[in-house]
Amino acid sequence: KRVRDTRTKLAPAYHLILEGILILWIIRLLFSKTYKLQERSDLTLKEKEELIEEWQPEPLVPPVPKDHPALNYNIVSGPPTHIITVNGKECINFASFNFLGLLNNEKVKSAAQASLKKYGVGTCGPRGFYGTFDVHLELEERLAKFMRTEEAIIYSYGFATIASAIPAYSKRGDIVFVDEAACFAIQKGLQASRSNIKLFKHNDMADLERLLKEQETEDQKNPRKARVTRRFIVVEGLYMNTGDICPLPELIKLKYKYKVRIFLEESLSFGVLGEHGRGITEHFGINIDDIDLISANMENSLASIGGFCCGRSFIIDHQRLSGQGYCFSASLPPLLAAAAIEALNIMEDSPDIFQTLRAKCERIHKALQGISGLKVVGESFSPALHLQLEESCGSRENDVKLLKRVVDYCMNSGIALTQARYLEKEEKCLPPPRTRTGQICVELDCCFLIPLSHIIRISVLHCIVTSRFFH
Amino acid sequence: MANPSAVCNGHLHHHHHQKQNNLLKSGISKKNGITKGMKKNGVSNGTLYKKTFIEHFEQAPMYVAVFTFVGFAVGTIFGYLRDFMRAWGLEKRNIAAEREQQKDFVPLYQDFENFYTRNLYLRIRDNWNRPICSVPGPQFDLMERVTDDYNWTFRFTGRTIKNVINMGSYNYLGFAETDVNALKTVTIELEKYGTGVCSTRQEMGTLDKHVELEKLVATFLGVEDAMVFGMGFATNSMNIPALVGKGCLILSDELNHTSLVLGARLSGATIRIFKHNNMQSLEKLLRDAIVYGQPRTHRAWRKIIILVEGIYSMEGSIVRLPEIVSLKNKYKAYLYLDEAHSIGAVGATGRGVVEYFGMSPDDVDVLMGTFTKSFGAAGGYIAGKKGLVDFLRTHSHSAVYATSMCPAVAEQIIRAMKCLMGLDGTTQGLQRVRQLEKNTRYFRRKLHEMGFIIYGNDDSPVVPLLLYMPGKIGAFARRMLEKNIGVVVVGFPATPITESRARFCVSAAHTREMLDTVLNALDELGDFLHLKYSRYSKSSHPELYEESRLELED
């Protein structure tokens with residue numbers, strides 16, 4: 001019995017040792033992976049040096065082919081008014097956005113001269129640091145009054161206006177519904193805002209409503225998030241890329257139905273549409289307070305430089321501390337502000353220029369109809385017309401070449417047109433290649449209109465025939 | 001926080017070279033990270049720097065930091081109190097309100113987002129956006145405005161405050177002027193071209209004036225080609241995205257201007273920040289970037305670009321260009337130099353920091369600058385190799401989508417640049433550069449002597465004077481205006497929260513009398529507001545200026 005006892009005592013001891021070894025083995029197995037990881041040593045200094053030695057960056061910029069169309073600018077000598085000298089040849093100008101012909105206006109010029117005499121050229125500072133001049137305040141007041149809004153704010157660069165305004169309100173996590181034909185400045189503003197962007201088909205209200213509904217169901221799932229997610233619709237009054245207008249009355253219905261704010265870009269429609277040139281809101285007879293923010297540049301109709309936003313003070317004033325292009329840039333040279341004020345004076349004093357412009361637009365639109373091979377894109381009252389190939393000749397490149405020949409032919413015949421330029425890789429939805437007749441100037445005598453369509457007709461025929469020949 | 005052995009003042013350059021670096025090493029704030037950089041500078045000074053490079057970032061005494069935080073705390077507590085009172089209707093709400101019809105929309109602003117603006121900025125809002133009604137020359141006229149509701153709204157009295165000394169505008173060379181003879185060509189061009197252009201560079205907006213200006217800029221800078229743009233801010237934000245993109249790395253100084261930051265963000269490239277002017281920090285980022293490649297994929301970076309400014313507008317510091325160039329050559333990175341404040345303002349003939357350090361323009365890959373400051377105009381340029389500029393002509397967002405520069409503004413730049421280059425047949429341009437250098441040195445030296453803490457390089461015409469406490473921002477600017485001196489004050493968020501400051505921009509157009517008036521006023525106010533924090537002022541009795549007086553118009 002005793003022996004058995006010692007046995008029973010001894011046996012567990014062996015077990016214990018064995019089990020102990022096993023446990024140690026398991027532990028080793030468990031940690032063996034980590035051992036291997038630890039074995040992976042960091043790069044030695046020498047290896048790092050080798051890597052640094054080896055690395056070859058891409059060149060700063062890729063080479064540009066010498067015949068790139070953008071490298072061979074049309075050089076304009078003298079003022080780009082309705083008669084323009086391009087590369088030494090005098091042409092009738094259908095290529096600039098000088099819709100009201102104010103670029104060379106004597107009154108505007110003398111206002112600018114007077115300002116130059118008093119203030120010099122530059123402002124030498126941003127608005128915050130002694131860059132606010134009395135003319136800036138006057139221009140802001142005048143613009144607000146003209147547009148019948150509470151407040152206006154001016155920027156020193158047209159492009160920077162909407163591109164700064166959007167990110168001032170729309171932040172990360174907010175939602176922006178935007179027309180896919182929106183201009184590049186809007187695209188950049190949206191990118192800077194880092195908001196959630198939803199593109200709807202151009203002027204397709206059903207598509208927009210579909211997106212809004214989708215969002216509504218999304219919101220019901222997460223109401224807490226929905227309460228702080230700001231939402232905006234960004235549209236253009238008169239689209240730069242298509243030449244047509246946005247269906248504003250429907251947009252406003254959607255605005256109140258889905259509680260979305262509307263930002264409206266009016267660079268082309270300001271000073272063009274409406275009885276008094278107040279833009280698309282006047283064109284549709286819409287209360288301007290229904291639009292949360294209107295932005296436009298002063299570089300087209302007003303024939304100056306810069307841009308402005310207008311709306312209710314509740315909204316606009318926020319940009320004075322949050323609009324990056326406003327706070328961190330030098331303010332608009334006073335002479336340009338003075339020119340814009342004078343241009344506004346002219347717009348207010350002679351409201352019939354808008355009717356004249358409209359009549360001319362319609363007339364030219366009509367005259368350009370029915371050219372074989374080309375179609376006119378856009379509204380009949382849009383002062384920027386796009387001519388587009390009816391049938392593509394296969395590739396974008398060939399289309400661009402063909403249109404370039406049309407433009408060159410017109411230029412030789414004394415009519416300046418321009419191809420609408422795009423950064424093909426950067427655009428969200430690249431419009432097809434087009435020729436733009438930007439300017440339909442009110443000072444232009446109507447007898448010019450007939451030769452325009454005539455020459456385009458001939459040039460198209462000429463180009464299409466020769467291109468077929470070459471193929 | 002404060003360095004007990006800090007030794008730093010404007011007279012270090014009298015000391016022995018090596019000792020000077022040691023002294024500075026201890027005198028420079030760690031926050032700015034220059035401590036180590038200086039040490040390196042001490043070793044390689046002979047090869048990289050052609051002249052001594054001194055920058056000051058003196059730390060304030062500890063009690064200043066404490067009181068600064070107390071100041072903000074008091075302001076914040078009162079802010080909450082008043083927000084509470086407004087919420088309960090005990091205080092009138094002056095804030096513009098949402099439209100009745102849109103009350104049920106998602107609020108456009110969150111209340112806390114505007115807390116700082118509503119409760120702290122508003123109290124001293126009268127010191128910004130002061131409207132002027134004359135040329136922003138060495139003296140200007142201010143429109144007097146008053147407030148009846150504690151800065152919620154302003155009312156103009158119709159009076160003007162005449163001949164206020166302008167210490168705020170970036171008019172470094174004094175080209176913001178209305179002299180009829182000087183502006184003669186501008187007048188002619190304005191008469192000829194009108195104001196607008198109404199088209200983009202790539203469509204129908206390239207005028208002969210633009211071509212002339214671009215050629216002149218390239219000659220002025222000594223590079224192959226240059227392109228000009230209508231707005232300085234947009235020059236950065238619309239061109240950086242053309243140069244870099246996905247798979248590229250941007251190394252950006254922490255104090256870079258918003259336009260550079262925006263451009264970097266829009267480009268889609270990865271951005272990493274290095275400490276202000278700190279070469280160790282930059283080198284570490286460069287090494288790590290090349291060794292480890294892109295995050296996650298570990299692919300090699302397509303290219304690395306370093307974004308720096310010539311003179312930093314809030315610090316007054318000058319970029320350590322020689323070191324950066326040697327780093328970028330070593331690591332095959334590219335360098336984008338924004339000379340917004342430095343072009344015209346430093347360098348023996350006003351050609352910016354490249355000339356200041358005696359380097360070649362070829363050392364920098366992308367030279368960017370603005371015309372707003374030294375040239376008294378508007379717009380910006382990018383200059384460099386022909387390949388670079390050709391690429392921008394075809395790919396810059398600005399060239400394709402933005403209206404080109406007003407021809408009269410272009411003419412202002414041309415005439416200022418010609419004057420600077422001596423092409424107008426006078427030495428007036430050169431005199432302005434010299435005068436600016438003299439004024440800068442004089443003004444900075446005097447401030448050091450009076451015992452103010454001022455930041456930056458001895459040669460930088462941007463002179464930040466540290467105020468620290470939030471309460472002193474308003475007091476300082478208002479009292480200076482009472483003495484007929486217009487100053488710029490800045491606080492959070494433009495500066496770190498503890499480092500509110502006043503900033504002076506010295507101009508070549510400032511006469512000695514003007515500077516002395518400002519200095520006397522500052523001396524008086526410095527005592528009154530206890531702003532003389534520096535513990536290393538050399539003399540309490542400012543010595544008299546002994547050099548012969550030099551006026552501009554001769």
# chains A, B, ... in the order shown; residues from 1 in each chain; ligands from 1

call {"tool": "interface_residues", "arguments": {"of": "chain B", "to": "chain A", "cutoff": "6 Å", "atoms": "only C-alpha atoms", "output": "PyMOL selection string"}}
result
chain B and resi 96-97+105-106+128-135+169-171+177-178+193-196+198-199+203+206-208+233+290-291+302-303+372-373+376-378+391+394+402

call {"tool": "select_by_dssp", "arguments": {"residues": "stretch 61-111 of chain A", "states": "helix (DSSP H, G or I)", "output": "ChimeraX atom specification"}}
result
/A:69-71,106-111

call {"tool": "atom_distance", "arguments": {"atom1": "atom CA of B:Tyr336", "atom2": "atom CA of B:Asp365"}}
result
6.2 Å

call {"tool": "residues_around", "arguments": {"residues": "stretch 499-516 of chain B", "least_positions_apart": "5", "cutoff": "9 Å", "atoms": "only C-alpha atoms", "output": "PyMOL selection string"}}
result
chain B and resi 65+68+137-139+165-175+313-316+345+431-440+442-443+460-470+472-473+476-477+487-492+494+521+549-552

call {"tool": "closest_residue", "arguments": {"among": "B:Gly245, B:Gly486, B:Gly379, B:Pro322", "to": "B:Glu355", "atoms": "only C-alpha atoms"}}
result
B:Pro322

call {"tool": "closest_residue", "arguments": {"among": "A:Glu180, A:Ile252, A:Gly277, A:Pro12", "to": "A:Asp349", "atoms": "only C-alpha atoms"}}
result
A:Gly277

call {"tool": "select_by_dssp", "arguments": {"residues": "stretch 406-495 of chain B", "states": "strand (DSSP E)", "output": "number ranges by chain"}}
result
B: 456-457, 462-468, 485-486, 488-490

call {"tool": "atom_distance", "arguments": {"atom1": "atom CA of B:Glu224", "atom2": "atom CA of B:Lys385"}}
result
5.3 Å

call {"tool": "residues_around", "arguments": {"residues": "A:Gly279", "least_positions_apart": "4", "cutoff": "7 Å", "atoms": "only C-alpha atoms", "output": "number ranges by chain"}}
result
A: 266, 269-274, 283
